[in-house]
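So this one's data_3.cif, mmCIF, C-alpha atoms:
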data_final
loop_
_atom_site.label_atom_id
_atom_site.label_comp_id
_atom_site.auth_asym_id
_atom_site.auth_seq_id
_atom_site.Cartn_x
_atom_site.Cartn_y
_atom_site.Cartn_z
CA MET I 276 12.93 -3.44 43.58
CA LYS I 277 12.38 -5.42 40.40
CA LEU I 278 9.53 -3.09 39.40
CA ILE I 279 11.96 -0.14 39.35
CA PHE I 280 15.09 -1.88 38.10
CA ALA I 281 13.49 -3.80 35.21
CA PRO I 282 12.06 -0.79 33.30
CA VAL I 283 15.28 1.23 33.78
CA PHE I 284 17.37 -1.73 32.60
CA ALA I 285 15.08 -2.25 29.60
CA LEU I 286 15.19 1.46 28.66
CA VAL I 287 19.00 1.61 28.91
CA ILE I 288 19.41 -1.46 26.71
CA GLY I 289 16.79 -0.08 24.33
CA PHE I 290 18.68 3.23 24.06
CA ALA I 291 21.87 1.31 23.37
CA PHE I 292 20.15 -0.45 20.45
CA PHE I 293 18.80 2.91 19.19
CA ALA I 294 22.28 4.46 19.36
CA ALA I 295 23.87 1.48 17.63
CA VAL I 296 21.44 1.53 14.70
CA ARG I 297 21.45 5.34 14.52
CA TRP I 298 25.21 6.01 14.56
CA ILE I 299 27.17 2.91 13.58
CA PRO I 300 28.69 3.94 10.20
CA TYR I 301 27.68 0.70 8.46
CA PHE I 302 23.97 1.32 9.10
CA VAL I 303 24.27 4.97 8.06
CA ARG I 304 26.16 4.05 4.89
CA THR I 305 23.66 1.37 3.81
CA ARG I 306 20.45 3.25 4.59
CA MET I 307 19.80 3.85 0.87
CA ALA I 308 20.13 0.14 0.04
CA PRO I 309 16.40 -0.78 0.33
CA PHE I 310 15.48 2.08 -2.01
CA ASP I 311 18.14 1.06 -4.54
CA ALA I 312 16.91 -2.54 -4.34
CA MET I 313 13.34 -1.39 -4.94
CA LEU I 314 14.38 0.73 -7.94
CA THR I 315 16.08 -2.33 -9.43
CA LEU I 316 13.27 -4.80 -8.64
CA ALA I 317 10.53 -2.49 -9.92
CA ASP I 318 12.61 -1.52 -12.98
CA VAL I 319 12.42 2.20 -12.26
CA LYS I 320 15.06 4.58 -13.60
CA ALA I 321 15.38 7.38 -11.07
CA ASP I 322 16.80 10.71 -12.20
CA GLU I 323 18.80 13.02 -9.92
CA ASN I 324 15.73 14.79 -8.51
CA VAL I 325 14.06 11.51 -7.58
CA ARG I 326 17.28 10.17 -6.04
CA ALA I 327 17.71 13.34 -3.96
CA ARG I 328 14.17 12.94 -2.61
CA LEU I 329 14.74 9.24 -1.89
CA GLU I 330 18.03 9.93 -0.08
CA ALA I 331 16.28 12.49 2.16
CA GLN I 332 13.51 9.98 2.86
CA ALA I 333 16.09 7.22 3.51
CA ALA I 334 17.66 9.41 6.21
CA ARG I 335 14.25 9.84 7.86
CA ARG I 336 13.46 6.12 7.58
CA HIS I 337 16.82 5.34 9.18
CA VAL I 338 16.07 7.54 12.23
CA TRP I 339 12.52 6.17 12.60
CA GLY I 340 13.87 2.63 12.28
CA ALA I 341 16.45 3.29 15.01
CA VAL I 342 13.77 4.69 17.34
CA GLY I 343 11.54 1.69 16.58
CA THR I 344 14.42 -0.74 17.21
CA GLY I 345 15.17 0.75 20.64
CA ALA I 346 11.54 1.13 21.66
CA GLY I 347 10.64 -2.36 20.39
CA TYR I 348 13.52 -4.01 22.24
CA SER I 349 12.70 -2.14 25.48
CA ALA I 350 9.02 -3.06 25.26
CA GLY I 351 9.80 -6.71 24.47
CA LEU I 352 12.31 -6.97 27.29
CA MET I 353 9.98 -5.28 29.77
CA ALA I 354 7.10 -7.57 28.78
CA SER I 355 9.30 -10.60 29.34
CA ILE I 356 10.96 -9.67 32.66
CA LEU I 357 8.15 -7.86 34.47
CA PRO I 358 5.59 -10.69 34.70
CA ASP I 359 6.13 -14.04 36.35
CA PRO I 360 9.43 -15.37 34.92
CA THR I 361 8.05 -18.92 34.84
CA VAL I 362 5.60 -17.82 32.15
CA PHE I 363 7.97 -15.73 30.03
CA ASP I 364 11.26 -17.41 30.63
CA ASP I 365 12.42 -16.85 27.06
CA ALA I 366 13.22 -13.15 27.50
CA GLY I 367 15.64 -13.10 24.57
CA ALA I 368 13.07 -14.27 22.02
CA LEU I 369 10.41 -11.79 23.08
CA ALA I 370 12.87 -8.86 23.16
CA LEU I 371 14.26 -9.93 19.79
CA ALA I 372 10.71 -10.04 18.40
CA GLY I 373 10.13 -6.54 19.81
CA LEU I 374 13.30 -5.37 18.10
CA PHE I 375 12.22 -6.75 14.70
CA VAL I 376 8.67 -5.43 14.98
CA GLY I 377 9.76 -2.01 16.31
CA SER I 378 12.36 -1.57 13.60
CA ALA I 379 10.03 -2.54 10.74
CA VAL I 380 7.05 -0.55 12.06
CA GLY I 381 9.25 2.52 12.62
CA GLN I 382 10.75 2.29 9.15
CA SER I 383 7.43 1.71 7.42
CA LEU I 384 5.59 4.46 9.29
CA SER I 385 8.18 6.97 8.09
CA ALA I 386 6.55 6.51 4.65
CA LEU I 387 3.48 8.33 5.98
CA PHE I 388 5.56 11.46 6.57
CA PRO I 389 7.34 12.61 3.40
CA VAL I 390 10.41 14.79 3.93
CA ASN I 391 9.30 17.39 1.37
CA PRO I 392 5.50 17.38 1.38
CA PRO I 393 3.86 19.06 -1.62
CA HIS I 394 3.18 22.77 -1.34
CA GLY I 395 1.47 25.14 -3.72
CA PRO I 396 -1.90 24.84 -5.43
CA VAL I 397 -1.13 22.04 -7.91
CA ARG I 398 -1.61 18.32 -7.19
CA VAL I 399 -0.87 15.54 -9.66
CA THR I 400 -1.88 11.90 -9.99
CA ALA I 401 -1.22 9.07 -12.43
CA MET I 402 -4.90 7.98 -12.22
CA GLN I 403 -3.84 4.58 -10.92
CA PRO I 404 -5.48 2.72 -8.04
CA HIS I 405 -3.19 1.92 -5.11
CA GLY I 406 -4.72 -0.98 -3.24
CA MET I 407 -3.35 -4.23 -1.81
CA ALA I 408 -3.68 -6.07 -5.14
CA GLU I 409 -1.79 -3.37 -7.06
CA TYR I 410 1.39 -3.53 -4.95
CA LEU I 411 1.56 -6.98 -3.40
CA HIS I 412 1.74 -10.33 -5.12
CA ARG I 413 -1.24 -12.60 -4.48
CA ARG I 414 1.09 -15.19 -2.91
CA GLU I 415 2.49 -12.62 -0.48
CA ILE I 416 -0.99 -11.56 0.62
CA ALA I 417 -1.93 -15.24 1.05
CA VAL I 418 1.19 -15.87 3.17
CA GLU I 419 0.46 -12.88 5.41
CA ILE I 420 -3.18 -13.86 5.95
CA GLY I 421 -2.23 -17.52 6.41
CA LEU I 422 0.34 -16.69 9.09
CA ALA I 423 -2.13 -14.45 10.93
CA VAL I 424 -4.75 -17.22 10.88
CA LEU I 425 -2.20 -19.84 12.03
CA GLY I 426 -1.03 -17.54 14.83
CA TRP I 427 -4.44 -16.69 16.25
CA ALA I 428 -5.76 -20.25 15.79
CA SER I 429 -2.78 -21.46 17.83
CA VAL I 430 -3.53 -18.91 20.55
CA VAL I 431 -7.18 -20.04 20.74
CA ALA I 432 -6.26 -23.74 20.76
CA GLY I 433 -3.53 -23.20 23.36
CA THR I 434 -5.81 -21.13 25.58
CA LEU I 435 -8.56 -23.76 25.41
CA ALA I 436 -6.05 -26.47 26.30
CA LEU I 437 -4.60 -24.48 29.21
CA THR I 438 -7.98 -23.59 30.68
CA ASN I 439 -9.39 -27.11 30.20
CA ARG I 440 -12.65 -25.68 28.82
CA VAL I 441 -12.63 -28.08 25.91
CA ASP I 442 -11.19 -31.56 25.97
CA ILE I 443 -8.17 -31.07 23.70
CA PRO I 444 -5.62 -33.89 23.93
CA VAL I 445 -2.48 -31.73 24.35
CA SER I 446 -0.18 -31.34 27.32
CA HIS I 447 0.16 -28.18 29.41
CA GLU I 448 3.58 -27.49 27.85
CA THR I 449 2.22 -27.84 24.32
CA GLY I 450 -0.67 -25.52 25.17
CA LEU I 451 1.75 -22.92 26.52
CA ALA I 452 3.95 -23.23 23.45
CA LEU I 453 0.90 -22.81 21.19
CA VAL I 454 -0.04 -19.59 22.97
CA LEU I 455 3.49 -18.11 22.93
CA ALA I 456 4.45 -18.96 19.34
CA GLY I 457 0.92 -18.25 18.07
CA ALA I 458 0.75 -14.86 19.78
CA LEU I 459 4.12 -13.87 18.33
CA LEU I 460 3.06 -14.88 14.82
CA GLY I 461 -0.47 -13.51 15.13
CA VAL I 462 0.59 -10.12 16.46
CA VAL I 463 3.31 -9.66 13.84
CA ALA I 464 1.21 -10.82 10.86
CA THR I 465 -1.80 -8.75 11.97
CA THR I 466 0.42 -5.69 12.49
CA THR I 467 1.73 -6.20 8.96
CA LEU I 468 -1.73 -6.45 7.41
CA VAL I 469 -3.05 -3.43 9.32
CA GLY I 470 0.10 -1.40 8.64
CA GLN I 471 0.05 -2.19 4.92
CA ARG I 472 -3.61 -1.25 4.67
CA TRP I 473 -2.82 1.97 6.51
CA LEU I 474 0.00 2.83 4.12
CA LEU I 475 -2.09 2.01 1.05
CA THR I 476 -5.08 4.11 2.10
CA ALA I 477 -2.88 7.14 2.80
CA PRO I 478 -2.94 9.77 0.05
CA LEU I 479 -0.21 9.64 -2.60
CA ARG I 480 0.21 13.42 -2.70
CA ALA I 481 2.57 15.11 -5.13
CA GLN I 482 2.96 18.37 -7.01
CA ASP I 483 5.13 17.09 -9.85
CA GLU I 484 6.15 13.84 -11.52
CA ASP I 485 9.44 13.42 -9.62
CA GLN I 486 7.63 13.73 -6.32
CA LEU I 487 5.02 11.19 -7.41
CA VAL I 488 7.71 8.69 -8.51
CA ALA I 489 9.59 9.14 -5.21
CA ALA I 490 6.37 8.83 -3.17
CA ASP I 491 5.53 5.57 -4.93
CA ILE I 492 8.99 4.10 -4.24
CA VAL I 493 8.75 5.19 -0.58
CA LEU I 494 5.33 3.51 -0.30
CA ALA I 495 6.63 0.32 -1.92
CA VAL I 496 9.63 0.19 0.46
CA GLY I 497 7.30 0.72 3.45
CA LEU I 498 5.15 -2.21 2.33
CA ARG I 499 8.23 -4.43 1.92
CA ASP I 500 9.47 -3.44 5.40
CA LEU I 501 6.29 -4.86 6.91
CA PHE I 502 6.33 -7.97 4.71
CA VAL I 503 9.95 -8.71 5.67
CA MET I 504 9.00 -8.24 9.33
CA THR I 505 6.45 -11.06 9.09
CA ILE I 506 8.88 -13.29 7.25
CA SER I 507 11.55 -12.66 9.93
CA ALA I 508 9.08 -13.46 12.70
CA THR I 509 8.13 -16.91 11.44
CA PRO I 510 11.53 -18.61 12.00
CA LEU I 511 11.66 -16.86 15.37
CA ALA I 512 8.22 -18.22 16.31
CA ALA I 513 9.26 -21.68 15.08
CA SER I 514 12.49 -21.57 17.09
CA THR I 515 10.57 -20.90 20.32
CA THR I 516 8.79 -24.24 19.84
CA TRP I 517 11.97 -26.25 19.15
CA PHE I 518 13.53 -26.12 22.59
CA LEU I 519 10.47 -26.33 24.81
CA PRO I 520 10.45 -29.56 26.83
CA ASP I 521 7.58 -32.08 26.60
CA ARG I 522 5.78 -30.45 23.66
CA ALA I 523 4.09 -32.49 20.95
CA TRP I 524 6.22 -33.19 17.84
CA TRP I 525 3.67 -31.65 15.47
CA LEU I 526 4.04 -28.22 17.05
CA PRO I 527 7.62 -27.42 15.87
CA ALA I 528 6.85 -29.27 12.63
CA THR I 529 3.85 -26.99 11.89
CA PHE I 530 5.64 -23.75 12.74
CA THR I 531 8.81 -24.80 10.89
CA ALA I 532 6.73 -25.62 7.80
CA ALA I 533 5.09 -22.17 8.06
CA ALA I 534 8.53 -20.58 8.33
CA LEU I 535 9.80 -22.44 5.26
CA VAL I 536 6.73 -21.45 3.21
CA SER I 537 7.01 -17.78 4.21
CA VAL I 538 10.77 -17.60 3.60
CA GLY I 539 10.17 -19.29 0.25
CA ALA I 540 7.63 -16.58 -0.63
CA ALA I 541 10.16 -13.88 0.26
CA LEU I 542 12.93 -15.48 -1.78
CA GLY I 543 10.50 -15.88 -4.67
CA VAL I 544 10.38 -12.09 -5.19
CA ARG I 545 11.68 -11.41 -8.64
CA LYS I 546 12.00 -8.29 -10.70
CA ARG I 547 8.47 -7.13 -11.38
CA PRO I 548 7.07 -3.72 -12.30
CA ASN I 549 4.03 -3.89 -10.04
CA LEU I 550 6.17 -3.54 -6.91
CA ALA I 551 5.93 0.20 -7.60
CA PRO I 552 3.34 0.47 -10.39
CA VAL I 553 2.99 4.25 -10.54
CA ALA I 554 6.74 4.89 -10.58
CA HIS I 555 7.32 2.16 -13.16
CA ARG I 556 4.59 3.45 -15.45
CA LEU I 557 5.69 7.08 -15.26
CA THR I 558 9.39 6.43 -15.80
CA ALA I 559 8.70 3.89 -18.54
CA ARG I 560 6.65 6.51 -20.42
CA SER I 561 9.30 9.19 -20.05
CA ARG I 562 11.89 6.71 -21.38
CA THR I 563 9.83 5.95 -24.48
CA ALA I 564 8.72 9.56 -24.99
CA MET W 157 -0.13 13.88 -21.17
CA THR W 158 1.32 11.64 -18.48
CA LEU W 159 -0.14 13.04 -15.33
CA LEU W 160 -3.46 14.45 -14.32
CA ALA W 161 -2.93 17.80 -12.60
CA ILE W 162 -5.43 19.81 -10.59
CA ASP W 163 -4.72 23.48 -9.97
CA HIS W 164 -6.65 24.58 -6.92
CA ASP W 165 -6.06 28.24 -7.84
CA SER W 166 -7.50 27.90 -11.34
CA VAL W 167 -10.73 29.63 -12.31
CA VAL W 168 -11.88 26.35 -13.87
CA PRO W 169 -13.70 24.29 -11.22
CA PRO W 170 -11.75 21.21 -10.05
CA PHE W 171 -14.46 18.78 -11.21
CA GLU W 172 -14.27 20.28 -14.71
CA GLN W 173 -10.45 20.05 -14.73
CA LEU W 174 -10.73 16.41 -13.70
CA ARG W 175 -13.46 15.61 -16.22
CA THR W 176 -11.75 17.19 -19.23
CA GLN W 177 -8.34 15.71 -18.41
CA VAL W 178 -9.66 12.17 -17.93
CA ALA W 179 -11.60 12.45 -21.19
CA ALA W 180 -8.44 13.71 -22.95
CA MET W 181 -6.35 10.90 -21.44
CA THR W 182 -8.74 8.30 -22.87
CA VAL W 183 -8.51 9.92 -26.31
CA THR W 184 -4.69 10.00 -26.30
CA GLY W 185 -4.51 6.43 -25.01
CA GLU W 186 -2.89 7.46 -21.75
CA LEU W 187 -5.80 5.70 -20.09
CA GLU W 188 -6.41 2.47 -21.95
CA PRO W 189 -9.81 0.85 -22.53
CA GLY W 190 -10.69 -1.47 -19.66
CA GLN W 191 -8.15 0.16 -17.33
CA LYS W 192 -9.29 0.40 -13.73
CA LEU W 193 -9.51 3.89 -12.27
CA PRO W 194 -8.91 4.89 -8.66
CA THR W 195 -11.85 4.97 -6.29
CA VAL W 196 -13.58 8.29 -5.65
CA ARG W 197 -12.22 8.43 -2.11
CA GLN W 198 -8.64 7.59 -3.12
CA LEU W 199 -8.57 10.11 -5.96
CA ALA W 200 -10.07 12.78 -3.74
CA SER W 201 -7.42 12.28 -1.05
CA ASP W 202 -4.55 12.10 -3.58
CA LEU W 203 -5.62 15.35 -5.22
CA GLY W 204 -6.78 17.12 -2.06
CA LEU W 205 -10.36 17.39 -3.34
CA ALA W 206 -13.73 16.72 -1.72
CA ALA W 207 -15.16 13.28 -2.50
CA ASN W 208 -18.29 14.93 -3.94
CA THR W 209 -16.15 16.80 -6.48
CA VAL W 210 -14.57 13.60 -7.79
CA ALA W 211 -17.92 11.78 -7.67
CA ARG W 212 -19.49 14.52 -9.81
CA ALA W 213 -16.66 14.32 -12.38
CA TYR W 214 -17.02 10.51 -12.51
CA ARG W 215 -20.81 10.84 -12.91
CA GLU W 216 -20.43 13.20 -15.83
CA LEU W 217 -17.74 11.06 -17.44
CA GLU W 218 -20.05 8.07 -17.13
CA ALA W 219 -22.91 10.05 -18.66
CA ASP W 220 -20.56 10.98 -21.54
CA GLY W 221 -19.73 7.28 -22.03
CA VAL W 222 -16.03 7.74 -21.21
CA ILE W 223 -16.01 5.50 -18.16
CA SER W 224 -18.30 2.88 -16.68
CA THR W 225 -18.94 1.98 -13.07
CA GLN W 226 -19.37 -1.74 -12.47
CA GLY W 227 -20.74 -1.90 -8.97
CA ARG W 228 -18.23 -3.06 -6.37
CA ARG W 229 -15.68 -4.06 -9.04
CA GLY W 230 -14.84 -0.40 -9.51
CA THR W 231 -14.72 2.20 -12.26
CA PHE W 232 -13.17 1.41 -15.63
CA VAL W 233 -12.32 3.18 -18.86
CA ARG W 234 -14.91 1.99 -21.38
CA SER W 235 -13.70 -0.75 -23.65
CA ARG W 236 -13.30 0.02 -27.35
CA LEU W 237 -14.44 -3.52 -28.12
CA PHE W 238 -17.70 -2.80 -26.34
CA GLU W 239 -18.01 0.50 -28.16
CA GLN W 240 -17.42 -1.17 -31.54
CA GLN W 241 -20.02 -3.87 -30.89
CA ASP W 242 -22.39 -1.26 -29.54
CA ALA W 243 -21.81 1.02 -32.51
CA MET W 244 -22.91 -1.73 -34.91
CA SER W 245 -26.49 -1.47 -33.67
CA PRO W 246 -28.62 1.54 -34.77
CA GLU W 247 -29.14 2.60 -31.17
CA GLY W 248 -25.44 2.29 -30.43
CA ALA W 249 -24.49 4.41 -33.43
CA ALA W 250 -26.96 7.10 -32.36
CA ARG W 251 -25.68 6.93 -28.76
CA GLN W 252 -22.08 7.33 -29.93
CA ALA W 253 -23.06 10.29 -32.13
CA ALA W 254 -24.87 11.83 -29.15
CA ILE W 255 -21.76 11.38 -26.98
CA ASN W 256 -19.58 13.05 -29.60
CA PHE W 257 -22.09 15.90 -29.95
CA THR W 258 -22.32 16.31 -26.17
CA GLN W 259 -18.55 16.44 -25.81
CA THR W 260 -18.30 19.08 -28.55
CA ALA W 261 -21.09 21.12 -26.96
CA ARG W 262 -19.46 20.92 -23.52
CA ARG W 263 -16.07 21.90 -24.89
CA ASN W 264 -17.72 25.00 -26.34
CA GLY W 265 -19.24 25.89 -23.00
CA MET W 266 -22.87 25.16 -23.94
CA SER W 267 -25.49 24.24 -21.40
CA LEU W 268 -27.78 21.20 -21.68
CA ALA W 269 -30.71 23.42 -22.64
CA GLU W 270 -28.72 25.10 -25.42
CA ALA W 271 -27.51 21.75 -26.76
CA THR W 272 -31.07 20.35 -26.65
CA ARG W 273 -32.33 23.36 -28.61
CA LEU W 274 -29.73 22.63 -31.31
CA VAL W 275 -30.98 19.04 -31.61
CA GLU W 276 -34.60 20.22 -31.75
CA ALA W 277 -33.72 22.72 -34.46
CA ALA W 278 -31.83 20.11 -36.48
CA TRP W 279 -34.49 17.38 -36.11
CA PRO W 280 -37.07 18.69 -38.73
CA ARG W 281 -34.32 19.39 -41.29
CA THR W 282 -33.17 15.75 -41.39
CA THR W 283 -34.97 12.88 -43.15
CA SER W 284 -35.16 9.27 -41.91
#
Rendering of file as structure tokens:
Amino acid sequence: MKLIFAPVFALVIGFAFFAAVRWIPYFVRTRMAPFDAMLTLADVKADENVRARLEAQAARRHVWGAVGTGAGYSAGLMASILPDPTVFDDAGALALAGLFVGSAVGQSLSALFPVNPPHGPVRVTAMQPHGMAEYLHRREIAVEIGLAVLGWASVVAGTLALTNRVDIPVSHETGLALVLAGALLGVVATTTLVGQRWLLTAPLRAQDEDQLVAADIVLAVGLRDLFVMTISATPLAASTTWFLPDRAWWLPATFTAAALVSVGAALGVRKRPNLAPVAHRLTARSRTA
Amino acid sequence: MTLLAIDHDSVVPPFEQLRTQVAAMTVTGELEPGQKLPTVRQLASDLGLAANTVARAYRELEADGVISTQGRRGTFVRSRLFEQQDAMSPEGAARQAAINFTQTARRNGMSLAEATRLVEAAWPRTTS
């Protein structure tokens, strides 16, 4: 009975989340906000043509984000209620993690599908490399890699402790907490790194300058979506370790410290042109021309 | 010039469009000395070209002394500082003159054999 009821329940709740994000007026009204924030942070002056392209892309990102939110929540809920409930008794945290990951992955993947792809025989470029180092601050890359390493190292340590293959002086509860919090952090941070690499290796195709500026802003917003996803996941992973009974004190301390470092890195983002280097360079030149 | 544009319908081959525009961008300062250029693969995918086409344009630009490939570090616009130091030596001055001559010959649609014949013809008329 549970095998039938649980997926249906998860899908219904997931659809409710999709519908909420898709049609609640507040979310529709503020869908352009990340693009406006990026234009301000990267010091890019967008003309009407660029804004029109960004608004069309914002509408697509909003729909993809809503689909990702619903699908992520459903998957997280299903993963937490289908197996043995004594293992995944924190259904809320896993479903919430699914919601965050689904939303961010959906939004960022929309960057791979521009609303108005270039047509015609002409293609333009600003002759600028677009790799990890060009768009992300060194500290942000370090935080992402550090969180992935912490997550997977925790999973390995927890697994070794639970299986008693190596004599690690931690309790069963601490081992379980290491696996759960580590897996959450490891999966999210690795998804971020892979997704960002995917976005950056995709072609930046355009047929005119406006399209190139808009494409660069869309890429930059997609990269931030994934970065914010990792930052959101760290306090969530830390919180799962706080309330577990009989776990070692250093476990919540380590994950809370990681959360503070990553949130600090996110708050440390200041106005800087290299958030969207191509767009900044092109619009700066047209301003001085 | 702000952007590099490739017209796939043009009668000029894409590698030649790429080569001449990059060379022009370095002259106008649009591409600054020492500036890193995109990888062959990235530029090819951005412009919808084959990687071989971009690689050929980069090879010719390197042969003309416009850009330099530094192994795994990437491809860069050649530094003016390097050019100035290089130009102080007799070999460097001759190399720079050869680059200028080659660029002029290419712009006028001459082949390597035709350009070489011009040098051979001019050689006996000059004194050391």
Just the number, please: distance in Å from CA of Ser385 (chain I) to CA of Pro300 (chain I), one decimal.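 Interatomic distance, CA of Ser385 (chain I) to CA of Pro300 (chain I): 20.8 Å.
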What's the 10 Å shell around Ala368 (chain I), counting only C-alpha atoms, without same-chain residues fewer than 4 positions away, as a list in words?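 Near Ala368 (chain I), the qualifying residues are Gly351, Leu352, Ser355, Phe363, Asp364, Ala372, Gly373, Leu374, Leu459, Leu511, Ala512, Ser514 and Thr515 of chain I.
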Could you save the residues just selected, with C-alpha atoms, as a short mmCIF file (atom, residue, chain, number, x, y, z; two decimals), in the frame of the given file?
data_model
loop_
_atom_site.label_atom_id
_atom_site.label_comp_id
_atom_site.auth_asym_id
_atom_site.auth_seq_id
_atom_site.Cartn_x
_atom_site.Cartn_y
_atom_site.Cartn_z
CA GLY I 351 9.80 -6.71 24.47
CA LEU I 352 12.31 -6.97 27.29
CA SER I 355 9.30 -10.60 29.34
CA PHE I 363 7.97 -15.73 30.03
CA ASP I 364 11.26 -17.41 30.63
CA ALA I 372 10.71 -10.04 18.40
CA GLY I 373 10.13 -6.54 19.81
CA LEU I 374 13.30 -5.37 18.10
CA LEU I 459 4.12 -13.87 18.33
CA LEU I 511 11.66 -16.86 15.37
CA ALA I 512 8.22 -18.22 16.31
CA SER I 514 12.49 -21.57 17.09
CA THR I 515 10.57 -20.90 20.32
#
Closest pair table for chain W residues within 7 Å of chain I, all atoms listed in the file, as a tab-separated table:
residue	atom	partner	partner_atom	distance
W:Leu159	CA	I:Ala401	CA	5.0
W:Leu160	CA	I:Thr400	CA	5.3
W:Ala161	CA	I:Val399	CA	4.2
W:Ile162	CA	I:Arg398	CA	5.3
W:Asp163	CA	I:Val397	CA	4.4
W:His164	CA	I:Pro396	CA	5.0
W:Asp165	CA	I:Pro396	CA	5.9
W:Leu193	CA	I:Gln403	CA	5.9
W:Pro194	CA	I:Pro404	CA	4.1
W:Thr195	CA	I:Pro404	CA	7.0
W:Gln198	CA	I:Pro478	CA	6.9
W:Ser201	CA	I:Pro478	CA	5.3
W:Asp202	CA	I:Pro478	CA	4.6
W:Leu203	CA	I:Arg398	CA	5.4
Separation of CA of Arg263 (chain W) from CA of Thr209 (chain W) in Å: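 It comes out at 19.1 Å.
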Run through the PyMOL selection byres ((chain I and resi 377) around 7) on the given coordinates and return the selected residues as a list in words.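 This file gives the following for the PyMOL selection byres ((chain I and resi 377) around 7): Gly343, Thr344, Ala346, Gly347, Gly373, Leu374, Phe375, Val376, Ser378, Ala379, Val380 and Gly381 of chain I.
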Taking the file as I've supplied it (selection: the PyMOL selection byres ((chain I and resi 488) around 9)), which residues are included? Please answer as a list in words.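 So the PyMOL selection byres ((chain I and resi 488) around 9) ends up selecting Val319, Ala321, Val325, Ala481, Asp483, Glu484, Asp485, Gln486, Leu487, Ala489, Ala490, Asp491, Ile492, Val493, Ala551, Val553, Ala554, His555, Leu557 and Thr558 of chain I.
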In Å, how far is it from CA of Glu415 (chain I) to CA of Thr467 (chain I)?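 CA of Thr467 (chain I) lies 11.4 Å from CA of Glu415 (chain I).
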Report as a short mmCIF file (atom, residue, chain, number, x, y, z; two decimals) with C-alpha atoms, keeping the file's coordinate frame the residues that result from applying the PyMOL selection byres ((chain I and resi 550) around 7) to the structure here.
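Below is the file that was written, part-v1.cif:
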data_model
loop_
_atom_site.label_atom_id
_atom_site.label_comp_id
_atom_site.auth_asym_id
_atom_site.auth_seq_id
_atom_site.Cartn_x
_atom_site.Cartn_y
_atom_site.Cartn_z
CA ALA I 317 10.53 -2.49 -9.92
CA TYR I 410 1.39 -3.53 -4.95
CA LEU I 411 1.56 -6.98 -3.40
CA ALA I 495 6.63 0.32 -1.92
CA ARG I 547 8.47 -7.13 -11.38
CA PRO I 548 7.07 -3.72 -12.30
CA ASN I 549 4.03 -3.89 -10.04
CA ALA I 551 5.93 0.20 -7.60
CA PRO I 552 3.34 0.47 -10.39
#
Tell me, as a VMD selection string, which residues lie within 10 Å of region 270-284 of chain W, counting only C-alpha atoms; anything in the same chain fewer than 5 positions away does not count. chain W and resid 254 257 to 258 260 to 262 265
What are the centre and the three edge lengths of an axis-aligned box that wraps all atoms of region 180-196 of chain W in the file, given that 3 Å is added to every side, written as JSON and rounded to one decimal in Å?
{"center_x": -8.2, "center_y": 6.1, "center_z": -16.0, "size_x": 16.7, "size_y": 21.2, "size_z": 26.7}
Neighbours of Pro527 (chain I) within 12 Å (all atoms listed in the file; same-chain residues fewer than 4 positions away dropped), as a short mmCIF file (atom, residue, chain, number, x, y, z; two decimals) with C-alpha atoms, keeping the file's coordinate frame?
data_model
loop_
_atom_site.label_atom_id
_atom_site.label_comp_id
_atom_site.auth_asym_id
_atom_site.auth_seq_id
_atom_site.Cartn_x
_atom_site.Cartn_y
_atom_site.Cartn_z
CA THR I 449 2.22 -27.84 24.32
CA ALA I 452 3.95 -23.23 23.45
CA LEU I 453 0.90 -22.81 21.19
CA ALA I 456 4.45 -18.96 19.34
CA GLY I 457 0.92 -18.25 18.07
CA THR I 509 8.13 -16.91 11.44
CA PRO I 510 11.53 -18.61 12.00
CA LEU I 511 11.66 -16.86 15.37
CA ALA I 512 8.22 -18.22 16.31
CA ALA I 513 9.26 -21.68 15.08
CA SER I 514 12.49 -21.57 17.09
CA THR I 515 10.57 -20.90 20.32
CA THR I 516 8.79 -24.24 19.84
CA TRP I 517 11.97 -26.25 19.15
CA PHE I 518 13.53 -26.12 22.59
CA LEU I 519 10.47 -26.33 24.81
CA PRO I 520 10.45 -29.56 26.83
CA ASP I 521 7.58 -32.08 26.60
CA ARG I 522 5.78 -30.45 23.66
CA ALA I 523 4.09 -32.49 20.95
CA THR I 531 8.81 -24.80 10.89
CA ALA I 532 6.73 -25.62 7.80
CA ALA I 533 5.09 -22.17 8.06
CA ALA I 534 8.53 -20.58 8.33
CA LEU I 535 9.80 -22.44 5.26
#
Please identify all polymer residues within 9 Å of Val296 (chain I), counting only C-alpha atoms, omitting same-chain residues fewer than 3 positions from it, and present them as an MDAnalysis selection string. chainID I and resid 291:293 299:303 337:338 340:342 344:345
For C-alpha atoms, I'd like the residues from the last selection saved as an mmCIF file, in the frame of the given file.
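Ended up saving to result-v8.cif:
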data_model
loop_
_atom_site.group_PDB
_atom_site.id
_atom_site.type_symbol
_atom_site.label_atom_id
_atom_site.label_comp_id
_atom_site.auth_asym_id
_atom_site.auth_seq_id
_atom_site.Cartn_x
_atom_site.Cartn_y
_atom_site.Cartn_z
ATOM 1 C CA ALA I 291 21.870 1.310 23.370
ATOM 2 C CA PHE I 292 20.150 -0.450 20.450
ATOM 3 C CA PHE I 293 18.800 2.910 19.190
ATOM 4 C CA ILE I 299 27.170 2.910 13.580
ATOM 5 C CA PRO I 300 28.690 3.940 10.200
ATOM 6 C CA TYR I 301 27.680 0.700 8.460
ATOM 7 C CA PHE I 302 23.970 1.320 9.100
ATOM 8 C CA VAL I 303 24.270 4.970 8.060
ATOM 9 C CA HIS I 337 16.820 5.340 9.180
ATOM 10 C CA VAL I 338 16.070 7.540 12.230
ATOM 11 C CA GLY I 340 13.870 2.630 12.280
ATOM 12 C CA ALA I 341 16.450 3.290 15.010
ATOM 13 C CA VAL I 342 13.770 4.690 17.340
ATOM 14 C CA THR I 344 14.420 -0.740 17.210
ATOM 15 C CA GLY I 345 15.170 0.750 20.640
#
